[in-house]
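Undergrad: Before we start, here is the structure in question, set down as structure tokens.
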Amino acid sequence: MWRNYLSAALRNLFRNRAYAGINILGLAIGFTAAILIGLFVRDELSYDRMWPQAQRTYRLSMDINGPAPTSLGNADPRFGPAMELDFPEVEFATRLWPTSGYLKYKDVSIWADFRRADADFFHMFPPQVIAGDPVAALQKPDMLIVTRRFANQLFGREDVVGLPVDFQLNGTVTLHIGAVIENLPSNTHFAFDVIGSRTAADPNEFNNSLTYVRLKPGADPNRIRAALPDFVRRHIDNMIGGEPAWKLISLKLTALPDIHFLPPSITDMNAPSDRRTVDAFVIIALLTLFIAGSNFVSMMTARAARRAVEVGVRKSVGATRAQIVVQFLGECAFYTGLALGIAIVAVELLLPMINGFLHRQIAFDYLRNPTLGLCIVATWLVVALAASAYPAAVLSMFRPATVLKGVLSLPGGPGRLRGAMVVLQFGVLVALIVSTITIYRQTRFAIEDQLRVPGDQLFVLRAPCSRMAFQDIARRIPGVRAAACASDAAMGRDLGAAHFTLAGGRGINVNGGPVETTFFSIFGIQPVAGRLFDDNHGEDNILRQSGVTKNPSIVINESGARALGYANAADAIGKSPYWSRQGVMANGQFGRTDPQPSQIIGVVPDFTAGSIRNLIQPTVYYIDPQGSFVLVLKLDGQKIPETLRAVQEAWKKAASGRPMVGGQFLSQMLNDLYADIQRQAQLFAAFSVVAIVVAALGLLGLAIFTAERRTREIGVRKCMGASRIDILRFIGWQFARPVLIANLIAWPTAWFFMNRWLQGFAYHVDLGVLAFLLASVLALTIALLTVTGHALMVSRARPAEALRYE
Amino acid sequence: MLKLEHISKTYRAAEVQTAALDDISLEVPQGQFLAIMGPSGCGKSTLLNIMGLIDSPTAGSYWFMGEDIARCSEQDLTLRRRAGVGFVFQNFNLVDDLNVAENVEVALIYRRVPAAERRRRVSAALERVDLVHRAKHMPKQLSGGQQQRVAVARALVSDPKVILADEPTGNLDSANGDAVMSMLTGVAKAGTTIIMVTHSEQHAARADRVVHMLDGRFIDESEL
């Protein structure tokens, strides 16, 4: 019996190979998209789950309350050890501190952002070891644990345990390689190539650290969370501006697997993800599968009439309805199985490219991972069943008495159902196109509109302005139109510490950004009130002299003016609030200075070269070469390559051969900053194209079917005088109408979801009506183009041939 | 063997009601070759469909091999059809996606006949209609006469008690039509009950009995 069914299925497939090909290809594309998205989502949800006891490991982090609340990924370094003592539920805590500097071996010098770790860091996060003993290495001072990748970069090989490495920052310290570990997997929030053990005198020891705690089995994290406010109160006893500092700090305990979905923070090692993005991709996968599946149903049902005779014969010789249903369920399962096979091959071929694009190591391990294999089989069965139920039901309902006489009456509704499916498919399509356009616009806005300066002419590198004075050298290079020292805080890419004391003794923390006189002009920023820094005003640049503890003149941004309580920008000009900053104190040490007055000379608009996901902080700008480690060069747009070469040559001479750090155009920095949403936008676009292709394939199949079904009708119309244009218009309208109706579903749906997504940005584009109109026109164009080819062919046929068609 | 009593069949479409059969009574003993004649639309095919258990009457009784099956469900009709009915259609109704042998085999696969037995019986049936050499050919590779012979083989392969032939020679030329009629006559002589609808007086003459229909009723019959 099954051989008979299989023979019929295979020969039917071959006989209608074009139609079947469209059907199976559409389903294969749907499966491929669904599998790829499923793998991506699985990877997203797998972050940090590979660490032992990940479910009872948490990161402790701080939120700073104030005029522009900020979430940090790190915490006061005292908190980790204090939690071990205060909470019996805590098994142990460990910490990481960021540090950076040159690591040099023989002639090779690499600028490395690495982490110093507590001795028990690898107890909590055991690495895959290639050589040496990383756990033992962290117990000793001045040891480095490097990844395989870094070992090859610095040494050119991996058997490097015991080798010395010079660490150069403010001086040179010799460290030793204690172990080599495997590169970190992509699905972790950690990103480091070098871990260093604690040193005897670590200048960063009092800086905030990434702090992790492991709870004992059965411990309730919510009990700890409830006790954290008291914990902060007990351990933070200093005052800021007459107010207890603990009032400004909230602590958060985040389970390790959830870190990846937290909002971005300036302390992130790897760009986090947005849970809503993952959900959106799941929806896209389901929608693409739905479009492909409904195409399949639609076309199988449309072709049902061609199998009517076979069904009539089988029923006449004694096949029950159930046996007919089983036959066609099996046939559909065969077709969907074929489509799945094609999809599996496609995924194997595409996955390496996707991994390269996303910088991930996603595996398609359905043979090693039974759960994945079962999911794929289950998806096949569910789709096969769902897609075949209706066609099988329709076919099994054929009455032999009618079909064997050549009179076929299809049960009512399949035409209406097909029409409904086309409407739904194109509704999804229009919504996807609107989403893609909106994400693209937001990405462009983020990258280009914020600065209003051509980012591809601004070159940014790291250079200690006070010690090196490379800015003076750079200004003399032909092709360098301007140079300005700045800081990450001034550019919105970090938080600088500045504290203002307001009337009544109240204090607020704002972002403090050291800059240079030419900083604002290089970014094309004009004041909204007052003036900008000027070398002719001595009080602007008093910190150029060493040992000065007074505060210089300041420029604030509009958010800063509001935070300081001024009614408008002009009101702030000439005022002299008391404030303290990071700098050289009276005792000659570096730290927070005593509060001193500064005259506000100007107010500038809010601007940032950082992420517009975060609110622009109230910021105070002041000239301080000691705090400026970023150099911005504005290059002549006509001579960029040669100017860049000259800058690099000049750097080599000035830096005694040390490599340039940073060294990127601002546009590239912004691209990197928004790399995640750019990739998101590109993925959305790619899957929109997939959905378009699948929907278009479905439409093509329906066009072929409709034309065949109406061949006699078209012949009759032509006999009655219809021209080719009339026939094209007739067929075109069959498909244009559902596409137009689809907009009624698509517009409100797309508006709802895109509006929510845009709310995740502090600054965003408006959701205008143009995107919707464009999407609708595009969908209609696709629909008409798809059917036009076949419609042209049909319209050219002779009426006599059409009337003889049977 | 087959006994119809006061059979009526009415079709309803929206508000229009059509009486295809009106109070038909008929008895067909085992082994008889019955021909039914009449103009187009008189109800011949409807009567044949009811007798072949692929349609049900609206009123009346139908005794099929001693059982009244007029009110049977579709499932019950299917099982009885499977057990003892063969069909030959005017437009052959071969399955395009199956070859000759597979088309004949279709009549056996729902009867739970083992594969080896099926192959033997298919071969025997094709031999009977002289088409063994075309077993692997597809229907579109055969002439009309050959296709109808395949349909006859399909009807015979399951050893049915009754064969219903709806204008079996309607789409054939006279030579092929005679050939098919000879096969059916031979089958009837072997004891199978045959009920045939035909427009051809010449072919009807080869039956044991002819009944004439008009407007859903019998108007006369003759024994030959």
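Labels for the structure tokens follow display order: chains A, B, ..., residues from 1 in each chain, ligands from 1.
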So that I can check the surroundings of segment 485-490 of chain A, please list as a list in words every protein, DNA and RNA residue that reaches within 6 Å of it, counting only C-alpha atoms and ignoring chain neighbours fewer than 2 positions away.

TA: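 These residues fall inside the cut-off: Gly492, Arg493, Asp494, Leu495, Gly496, Gly513, Pro514, Val515, Glu516, Ser628, Phe629, Val630 and Leu631 of chain A.
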
Undergrad: Show me which bits of chain A are within 8 Å of chain B, counting only C-alpha atoms, as a PyMOL selection string.

TA: chain A and resi 1+4+7-9+11-12+309-310+313-321+399-401+404-405

Undergrad: Limited to N, CA, C and O atoms, could you put the picked residues into a file as a CSV table (one decimal), in the first residue's frame?

TA:
```csv
chain,number,residue,atom,x,y,z
A,1,MET,N,0.8,-1.2,0.0
A,1,MET,CA,0.0,0.0,0.0
A,1,MET,C,0.9,1.3,0.0
A,1,MET,O,0.6,2.2,-0.8
A,4,ASN,N,2.5,2.0,-3.3
A,4,ASN,CA,1.6,2.5,-4.2
A,4,ASN,C,1.4,4.0,-3.9
A,4,ASN,O,1.4,4.8,-4.9
A,7,SER,N,4.7,5.8,-5.0
A,7,SER,CA,4.8,5.9,-6.5
A,7,SER,C,3.9,7.1,-6.9
A,7,SER,O,4.4,7.9,-7.8
A,8,ALA,N,2.7,7.2,-6.4
A,8,ALA,CA,1.8,8.3,-6.9
A,8,ALA,C,2.4,9.6,-6.5
A,8,ALA,O,2.4,10.6,-7.2
A,9,ALA,N,2.9,9.7,-5.2
A,9,ALA,CA,3.4,11.0,-4.7
A,9,ALA,C,4.6,11.4,-5.6
A,9,ALA,O,4.7,12.6,-6.0
A,11,ARG,N,5.6,10.5,-8.6
A,11,ARG,CA,5.3,10.8,-10.0
A,11,ARG,C,4.5,12.1,-10.1
A,11,ARG,O,4.7,12.9,-11.1
A,12,ASN,N,3.6,12.3,-9.2
A,12,ASN,CA,2.9,13.6,-9.1
A,12,ASN,C,3.9,14.8,-9.0
A,12,ASN,O,3.7,15.8,-9.6
A,309,VAL,N,-9.7,12.5,-9.6
A,309,VAL,CA,-10.0,11.2,-10.2
A,309,VAL,C,-9.3,10.1,-9.4
A,309,VAL,O,-10.0,9.1,-9.1
A,310,GLU,N,-8.1,10.4,-9.0
A,310,GLU,CA,-7.4,9.3,-8.2
A,310,GLU,C,-8.2,9.0,-6.9
A,310,GLU,O,-8.4,7.9,-6.5
A,313,VAL,N,-11.3,7.1,-7.7
A,313,VAL,CA,-11.0,5.7,-8.1
A,313,VAL,C,-10.7,4.9,-6.8
A,313,VAL,O,-11.2,3.8,-6.6
A,314,ARG,N,-9.9,5.5,-5.9
A,314,ARG,CA,-9.5,4.8,-4.7
A,314,ARG,C,-10.7,4.5,-3.8
A,314,ARG,O,-10.9,3.5,-3.2
A,315,LYS,N,-11.6,5.5,-3.8
A,315,LYS,CA,-12.8,5.4,-2.9
A,315,LYS,C,-13.7,4.3,-3.6
A,315,LYS,O,-14.4,3.5,-2.9
A,316,SER,N,-13.8,4.3,-4.9
A,316,SER,CA,-14.7,3.3,-5.6
A,316,SER,C,-14.2,1.9,-5.4
A,316,SER,O,-15.0,1.0,-5.3
A,317,VAL,N,-12.9,1.7,-5.2
A,317,VAL,CA,-12.5,0.3,-5.0
A,317,VAL,C,-12.4,0.0,-3.5
A,317,VAL,O,-11.9,-1.1,-3.1
A,318,GLY,N,-12.8,0.9,-2.6
A,318,GLY,CA,-12.9,0.5,-1.2
A,318,GLY,C,-12.1,1.3,-0.2
A,318,GLY,O,-12.0,0.9,0.9
A,319,ALA,N,-11.4,2.4,-0.7
A,319,ALA,CA,-10.7,3.2,0.3
A,319,ALA,C,-11.6,4.0,1.1
A,319,ALA,O,-12.5,4.6,0.6
A,320,THR,N,-11.4,3.9,2.5
A,320,THR,CA,-12.2,4.7,3.3
A,320,THR,C,-11.7,6.2,3.3
A,320,THR,O,-10.6,6.4,2.9
A,321,ARG,N,-12.5,7.1,3.9
A,321,ARG,CA,-12.0,8.4,4.0
A,321,ARG,C,-10.7,8.5,4.8
A,321,ARG,O,-9.8,9.3,4.5
A,399,ARG,N,-16.5,13.2,-3.6
A,399,ARG,CA,-17.5,12.1,-3.7
A,399,ARG,C,-17.2,11.4,-5.0
A,399,ARG,O,-17.2,12.0,-6.1
A,400,PRO,N,-17.0,10.1,-5.0
A,400,PRO,CA,-16.7,9.4,-6.2
A,400,PRO,C,-17.7,9.5,-7.3
A,400,PRO,O,-17.4,9.6,-8.4
A,401,ALA,N,-19.0,9.6,-6.8
A,401,ALA,CA,-20.1,9.7,-7.8
A,401,ALA,C,-19.9,10.9,-8.7
A,401,ALA,O,-20.3,10.9,-9.9
A,404,LEU,N,-15.9,11.1,-10.6
A,404,LEU,CA,-15.6,10.2,-11.6
A,404,LEU,C,-16.4,10.5,-12.9
A,404,LEU,O,-16.0,9.9,-14.0
A,405,LYS,N,-17.4,11.3,-12.8
A,405,LYS,CA,-18.1,11.8,-13.9
A,405,LYS,C,-17.4,13.0,-14.5
A,405,LYS,O,-17.9,13.6,-15.5
```

Undergrad: With a distance cut-off of 8 Å and only C-alpha atoms, select the neighbouring residues of Val150 of chain B, excluding the residue or stretch itself and same-chain residues fewer than 6 positions from it, and output the selection as a list in words.

TA: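 Counting only the stated atoms, we get Val100, Asn103, Val104, Leu126, Val129 and Leu131 of chain B.
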
Undergrad: Keeping only C-alpha atoms, write the selected residues to a file as a PDB file, in the first residue's frame.

TA:
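Generated output (again10.pdb):
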```
ATOM      1  CA  VAL B 100      -0.642  -0.004 -15.667  1.00  0.00           C
ATOM      2  CA  ASN B 103      -3.470   1.036 -11.498  1.00  0.00           C
ATOM      3  CA  VAL B 104      -4.781  -2.529 -11.465  1.00  0.00           C
ATOM      4  CA  LEU B 126      -3.485  -8.192 -17.221  1.00  0.00           C
ATOM      5  CA  VAL B 129      -7.007  -8.437 -21.050  1.00  0.00           C
ATOM      6  CA  LEU B 131      -1.799  -6.255 -21.590  1.00  0.00           C
TER       7      LEU B 131
END
```

Undergrad: For segment 678-682 of chain A, please output as a list in words all residues within 10 Å (counting only C-alpha atoms; exclusion window: fewer than 4 positions along the same chain).

TA: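 So the residues in contact are Thr277, Phe281, Phe357, Leu358, Ser435, Thr436, Ile437, Thr438, Ile439, Tyr440, Arg441, Gln442, Thr443, Arg444, Ile447, Asn671, Asp672, Leu673, Tyr674, Ala686, Phe687 and Ser688 of chain A.
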
Undergrad: Figure out the distance between atom CA of Gly760 of chain A and atom CA of Gln526 of chain A, please, to one decimal in Å.

TA: 28.8 Å

Undergrad: List every residue of segment 42-117 of chain B that DSSP, applied to the backbone, labels as helix (DSSP H, G or I), and write the result as a PDB file with N, CA, C and O atoms, in the first residue's frame.

TA:
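This went into out-v5.pdb:
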```pdb
ATOM      1  N   LYS B  44     -29.812   7.227 -15.535  1.00  0.00           N
ATOM      2  CA  LYS B  44     -29.122   5.931 -15.656  1.00  0.00           C
ATOM      3  C   LYS B  44     -27.898   5.880 -14.749  1.00  0.00           C
ATOM      4  O   LYS B  44     -27.702   4.926 -13.992  1.00  0.00           O
ATOM      5  N   SER B  45     -27.084   6.928 -14.849  1.00  0.00           N
ATOM      6  CA  SER B  45     -25.835   6.933 -14.065  1.00  0.00           C
ATOM      7  C   SER B  45     -26.149   7.026 -12.584  1.00  0.00           C
ATOM      8  O   SER B  45     -25.467   6.406 -11.761  1.00  0.00           O
ATOM      9  N   THR B  46     -27.180   7.774 -12.232  1.00  0.00           N
ATOM     10  CA  THR B  46     -27.568   7.872 -10.827  1.00  0.00           C
ATOM     11  C   THR B  46     -27.953   6.505 -10.301  1.00  0.00           C
ATOM     12  O   THR B  46     -27.541   6.087  -9.212  1.00  0.00           O
ATOM     13  N   LEU B  47     -28.741   5.782 -11.099  1.00  0.00           N
ATOM     14  CA  LEU B  47     -29.150   4.431 -10.707  1.00  0.00           C
ATOM     15  C   LEU B  47     -27.921   3.539 -10.556  1.00  0.00           C
ATOM     16  O   LEU B  47     -27.796   2.779  -9.594  1.00  0.00           O
ATOM     17  N   LEU B  48     -26.991   3.664 -11.514  1.00  0.00           N
ATOM     18  CA  LEU B  48     -25.783   2.836 -11.459  1.00  0.00           C
ATOM     19  C   LEU B  48     -24.968   3.150 -10.216  1.00  0.00           C
ATOM     20  O   LEU B  48     -24.419   2.265  -9.566  1.00  0.00           O
ATOM     21  N   ASN B  49     -24.858   4.414  -9.881  1.00  0.00           N
ATOM     22  CA  ASN B  49     -24.074   4.825  -8.706  1.00  0.00           C
ATOM     23  C   ASN B  49     -24.680   4.252  -7.427  1.00  0.00           C
ATOM     24  O   ASN B  49     -23.968   3.818  -6.533  1.00  0.00           O
ATOM     25  N   ILE B  50     -26.024   4.241  -7.373  1.00  0.00           N
ATOM     26  CA  ILE B  50     -26.678   3.694  -6.177  1.00  0.00           C
ATOM     27  C   ILE B  50     -26.440   2.195  -6.126  1.00  0.00           C
ATOM     28  O   ILE B  50     -26.112   1.639  -5.073  1.00  0.00           O
ATOM     29  N   MET B  51     -26.573   1.568  -7.267  1.00  0.00           N
ATOM     30  CA  MET B  51     -26.386   0.120  -7.291  1.00  0.00           C
ATOM     31  C   MET B  51     -24.936  -0.244  -6.974  1.00  0.00           C
ATOM     32  O   MET B  51     -24.671  -1.289  -6.396  1.00  0.00           O
ATOM     33  N   GLU B  74     -21.528   5.999   4.993  1.00  0.00           N
ATOM     34  CA  GLU B  74     -20.502   5.970   3.948  1.00  0.00           C
ATOM     35  C   GLU B  74     -19.458   4.902   4.258  1.00  0.00           C
ATOM     36  O   GLU B  74     -18.978   4.179   3.370  1.00  0.00           O
ATOM     37  N   GLN B  75     -19.131   4.766   5.542  1.00  0.00           N
ATOM     38  CA  GLN B  75     -18.125   3.793   5.951  1.00  0.00           C
ATOM     39  C   GLN B  75     -18.596   2.374   5.624  1.00  0.00           C
ATOM     40  O   GLN B  75     -17.856   1.559   5.083  1.00  0.00           O
ATOM     41  N   ASP B  76     -19.868   2.083   5.946  1.00  0.00           N
ATOM     42  CA  ASP B  76     -20.404   0.747   5.688  1.00  0.00           C
ATOM     43  C   ASP B  76     -20.463   0.467   4.190  1.00  0.00           C
ATOM     44  O   ASP B  76     -20.176  -0.651   3.743  1.00  0.00           O
ATOM     45  N   LEU B  77     -20.871   1.465   3.420  1.00  0.00           N
ATOM     46  CA  LEU B  77     -20.927   1.296   1.970  1.00  0.00           C
ATOM     47  C   LEU B  77     -19.529   0.989   1.422  1.00  0.00           C
ATOM     48  O   LEU B  77     -19.368   0.136   0.526  1.00  0.00           O
ATOM     49  N   THR B  78     -18.537   1.681   1.976  1.00  0.00           N
ATOM     50  CA  THR B  78     -17.165   1.471   1.513  1.00  0.00           C
ATOM     51  C   THR B  78     -16.733   0.026   1.740  1.00  0.00           C
ATOM     52  O   THR B  78     -16.134  -0.609   0.865  1.00  0.00           O
ATOM     53  N   LEU B  79     -17.060  -0.490   2.899  1.00  0.00           N
ATOM     54  CA  LEU B  79     -16.632  -1.857   3.218  1.00  0.00           C
ATOM     55  C   LEU B  79     -17.330  -2.862   2.306  1.00  0.00           C
ATOM     56  O   LEU B  79     -16.707  -3.835   1.854  1.00  0.00           O
ATOM     57  N   ARG B  80     -18.591  -2.624   2.010  1.00  0.00           N
ATOM     58  CA  ARG B  80     -19.311  -3.550   1.125  1.00  0.00           C
ATOM     59  C   ARG B  80     -18.825  -3.438  -0.305  1.00  0.00           C
ATOM     60  O   ARG B  80     -18.700  -4.409  -1.035  1.00  0.00           O
ATOM     61  N   ARG B  81     -18.495  -2.200  -0.690  1.00  0.00           N
ATOM     62  CA  ARG B  81     -17.955  -1.965  -2.026  1.00  0.00           C
ATOM     63  C   ARG B  81     -16.633  -2.698  -2.182  1.00  0.00           C
ATOM     64  O   ARG B  81     -16.330  -3.310  -3.202  1.00  0.00           O
ATOM     65  N   ARG B  82     -15.849  -2.601  -1.117  1.00  0.00           N
ATOM     66  CA  ARG B  82     -14.538  -3.226  -1.132  1.00  0.00           C
ATOM     67  C   ARG B  82     -14.678  -4.728  -1.327  1.00  0.00           C
ATOM     68  O   ARG B  82     -13.884  -5.361  -1.994  1.00  0.00           O
ATOM     69  N   ALA B  83     -15.730  -5.290  -0.719  1.00  0.00           N
ATOM     70  CA  ALA B  83     -15.874  -6.747  -0.713  1.00  0.00           C
ATOM     71  C   ALA B  83     -16.383  -7.306  -2.033  1.00  0.00           C
ATOM     72  O   ALA B  83     -16.123  -8.457  -2.366  1.00  0.00           O
ATOM     73  N   GLY B  84     -17.132  -6.488  -2.797  1.00  0.00           N
ATOM     74  CA  GLY B  84     -17.731  -7.181  -3.937  1.00  0.00           C
ATOM     75  C   GLY B  84     -18.112  -6.378  -5.157  1.00  0.00           C
ATOM     76  O   GLY B  84     -18.901  -6.876  -5.969  1.00  0.00           O
ATOM     77  N   VAL B 100       0.476   0.921 -15.405  1.00  0.00           N
ATOM     78  CA  VAL B 100      -0.642  -0.004 -15.667  1.00  0.00           C
ATOM     79  C   VAL B 100      -0.807  -0.997 -14.515  1.00  0.00           C
ATOM     80  O   VAL B 100      -1.902  -1.182 -13.973  1.00  0.00           O
ATOM     81  N   ALA B 101       0.292  -1.635 -14.142  1.00  0.00           N
ATOM     82  CA  ALA B 101       0.200  -2.641 -13.066  1.00  0.00           C
ATOM     83  C   ALA B 101      -0.252  -2.004 -11.760  1.00  0.00           C
ATOM     84  O   ALA B 101      -1.080  -2.569 -11.035  1.00  0.00           O
ATOM     85  N   GLU B 102       0.262  -0.827 -11.458  1.00  0.00           N
ATOM     86  CA  GLU B 102      -0.115  -0.157 -10.209  1.00  0.00           C
ATOM     87  C   GLU B 102      -1.572   0.269 -10.234  1.00  0.00           C
ATOM     88  O   GLU B 102      -2.259   0.228  -9.211  1.00  0.00           O
ATOM     89  N   ASN B 103      -2.062   0.673 -11.397  1.00  0.00           N
ATOM     90  CA  ASN B 103      -3.470   1.036 -11.498  1.00  0.00           C
ATOM     91  C   ASN B 103      -4.357  -0.160 -11.195  1.00  0.00           C
ATOM     92  O   ASN B 103      -5.349  -0.046 -10.483  1.00  0.00           O
ATOM     93  N   VAL B 104      -3.985  -1.318 -11.730  1.00  0.00           N
ATOM     94  CA  VAL B 104      -4.781  -2.529 -11.465  1.00  0.00           C
ATOM     95  C   VAL B 104      -4.662  -2.915 -10.000  1.00  0.00           C
ATOM     96  O   VAL B 104      -5.630  -3.321  -9.353  1.00  0.00           O
ATOM     97  N   GLU B 105      -3.468  -2.725  -9.438  1.00  0.00           N
ATOM     98  CA  GLU B 105      -3.201  -3.118  -8.050  1.00  0.00           C
ATOM     99  C   GLU B 105      -4.030  -2.303  -7.052  1.00  0.00           C
ATOM    100  O   GLU B 105      -4.323  -2.765  -5.943  1.00  0.00           O
ATOM    101  N   VAL B 106      -4.394  -1.068  -7.436  1.00  0.00           N
ATOM    102  CA  VAL B 106      -5.165  -0.207  -6.529  1.00  0.00           C
ATOM    103  C   VAL B 106      -6.398  -0.934  -6.001  1.00  0.00           C
ATOM    104  O   VAL B 106      -6.781  -0.789  -4.839  1.00  0.00           O
ATOM    105  N   ALA B 107      -7.024  -1.773  -6.847  1.00  0.00           N
ATOM    106  CA  ALA B 107      -8.242  -2.469  -6.425  1.00  0.00           C
ATOM    107  C   ALA B 107      -7.988  -3.489  -5.335  1.00  0.00           C
ATOM    108  O   ALA B 107      -8.931  -3.953  -4.689  1.00  0.00           O
ATOM    109  N   LEU B 108      -6.718  -3.860  -5.129  1.00  0.00           N
ATOM    110  CA  LEU B 108      -6.410  -4.892  -4.132  1.00  0.00           C
ATOM    111  C   LEU B 108      -5.827  -4.326  -2.841  1.00  0.00           C
ATOM    112  O   LEU B 108      -5.886  -4.967  -1.795  1.00  0.00           O
ATOM    113  N   ILE B 109      -5.242  -3.139  -2.904  1.00  0.00           N
ATOM    114  CA  ILE B 109      -4.464  -2.693  -1.739  1.00  0.00           C
ATOM    115  C   ILE B 109      -5.339  -2.400  -0.532  1.00  0.00           C
ATOM    116  O   ILE B 109      -4.877  -2.445   0.602  1.00  0.00           O
ATOM    117  N   ALA B 115       1.357  -8.753  -0.547  1.00  0.00           N
ATOM    118  CA  ALA B 115       2.041  -8.216  -1.731  1.00  0.00           C
ATOM    119  C   ALA B 115       2.255  -9.271  -2.807  1.00  0.00           C
ATOM    120  O   ALA B 115       2.015  -9.038  -3.994  1.00  0.00           O
ATOM    121  N   ALA B 116       2.704 -10.435  -2.408  1.00  0.00           N
ATOM    122  CA  ALA B 116       3.000 -11.479  -3.406  1.00  0.00           C
ATOM    123  C   ALA B 116       1.722 -11.902  -4.121  1.00  0.00           C
ATOM    124  O   ALA B 116       1.694 -12.098  -5.352  1.00  0.00           O
ATOM    125  N   GLU B 117       0.658 -12.058  -3.357  1.00  0.00           N
ATOM    126  CA  GLU B 117      -0.643 -12.448  -3.919  1.00  0.00           C
ATOM    127  C   GLU B 117      -1.149 -11.357  -4.852  1.00  0.00           C
ATOM    128  O   GLU B 117      -1.710 -11.633  -5.922  1.00  0.00           O
TER     129      GLU B 117
END
```

Undergrad: Looking at only C-alpha atoms, which of A:Ala292, A:Ala34, A:Leu670, A:Val765 is the one that sits closest to Thr379 of chain A?

TA: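 Distance minimum relative to Thr379 of chain A lands on A:Ala34.
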
Undergrad: Calculate how many Å separate atom CA of Leu635 of chain A from atom CA of Pro464 of chain A, rounding to one decimal.

TA: 20.1 Å

Undergrad: Considering only C-alpha atoms, can you say which of A:Ile110, A:Phe523, A:Thr517, A:Tyr105 comes closest to Asn536 of chain A?

TA: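 Of A:Ile110, A:Phe523, A:Thr517, A:Tyr105, the one nearest Asn536 of chain A, counting only C-alpha atoms, is A:Thr517.
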
Undergrad: I need the residue nearest Val122 of chain B from this list: B:Tyr11, B:Ala205, B:Leu34, B:Val152. Use only C-alpha atoms for the distance.

TA: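 Of the candidates, the smallest distance to Val122 of chain B is held by B:Val152.
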
Undergrad: Atom CA of Arg115 of chain A and atom CA of Lys653 of chain A are how many Å apart?

TA: 29.6 Å

Undergrad: May I have the residues within 9 Å of Ile344 of chain A as a ChimeraX atom specification, using only C-alpha atoms and disregarding those fewer than 2 positions away in the same chain?

TA: /A:28,31-32,35,339-342,346-349

Undergrad: List every residue of segment 531-764 of chain A that DSSP, applied to the backbone of this structure, places in strand (DSSP E or B), and write the result as an NGL selection string.

TA: :A and (554-557 or 578-584 or 590-592 or 596-597 or 600-604 or 619-623 or 630-635 or 661-665)

Undergrad: Name the residues in contact with Arg275 of chain A at a cut-off of 12 Å, using only C-alpha atoms, excluding same-chain residues fewer than 5 positions from it; report them as a PyMOL selection string.

TA: chain A and resi 41+44-45+258-263+280-282+757+760

Undergrad: Applying 8 Å and only C-alpha atoms, which residues near Arg214 of chain A remain after dropping the ones on its own chain fewer than 3 positions away? List them as a PyMOL selection string.

TA: chain A and resi 56-58+90-93+124

Undergrad: Would you export the selected residues with N, CA and C atoms as an mmCIF file, in the first residue's frame, please?

TA:
```
data_model
loop_
_atom_site.group_PDB
_atom_site.id
_atom_site.type_symbol
_atom_site.label_atom_id
_atom_site.label_comp_id
_atom_site.auth_asym_id
_atom_site.auth_seq_id
_atom_site.Cartn_x
_atom_site.Cartn_y
_atom_site.Cartn_z
ATOM 1 N N ARG A 56 23.150 29.851 40.593
ATOM 2 C CA ARG A 56 23.266 30.485 41.906
ATOM 3 C C ARG A 56 24.484 31.400 41.973
ATOM 4 N N THR A 57 24.881 31.890 40.812
ATOM 5 C CA THR A 57 25.960 32.878 40.747
ATOM 6 C C THR A 57 25.372 34.199 40.282
ATOM 7 N N TYR A 58 25.726 35.278 40.964
ATOM 8 C CA TYR A 58 25.110 36.582 40.703
ATOM 9 C C TYR A 58 26.183 37.651 40.559
ATOM 10 N N VAL A 90 25.908 33.611 51.302
ATOM 11 C CA VAL A 90 26.941 33.790 50.286
ATOM 12 C C VAL A 90 28.069 32.803 50.531
ATOM 13 N N GLU A 91 28.340 31.974 49.515
ATOM 14 C CA GLU A 91 29.410 30.972 49.611
ATOM 15 C C GLU A 91 30.764 31.680 49.494
ATOM 16 N N PHE A 92 30.922 32.471 48.437
ATOM 17 C CA PHE A 92 32.114 33.319 48.333
ATOM 18 C C PHE A 92 31.873 34.358 47.244
ATOM 19 N N ALA A 93 32.758 35.373 47.248
ATOM 20 C CA ALA A 93 32.650 36.469 46.267
ATOM 21 C C ALA A 93 33.994 36.626 45.577
ATOM 22 N N MET A 124 35.384 30.337 40.613
ATOM 23 C CA MET A 124 33.999 30.609 40.217
ATOM 24 C C MET A 124 33.816 30.420 38.714
#
```
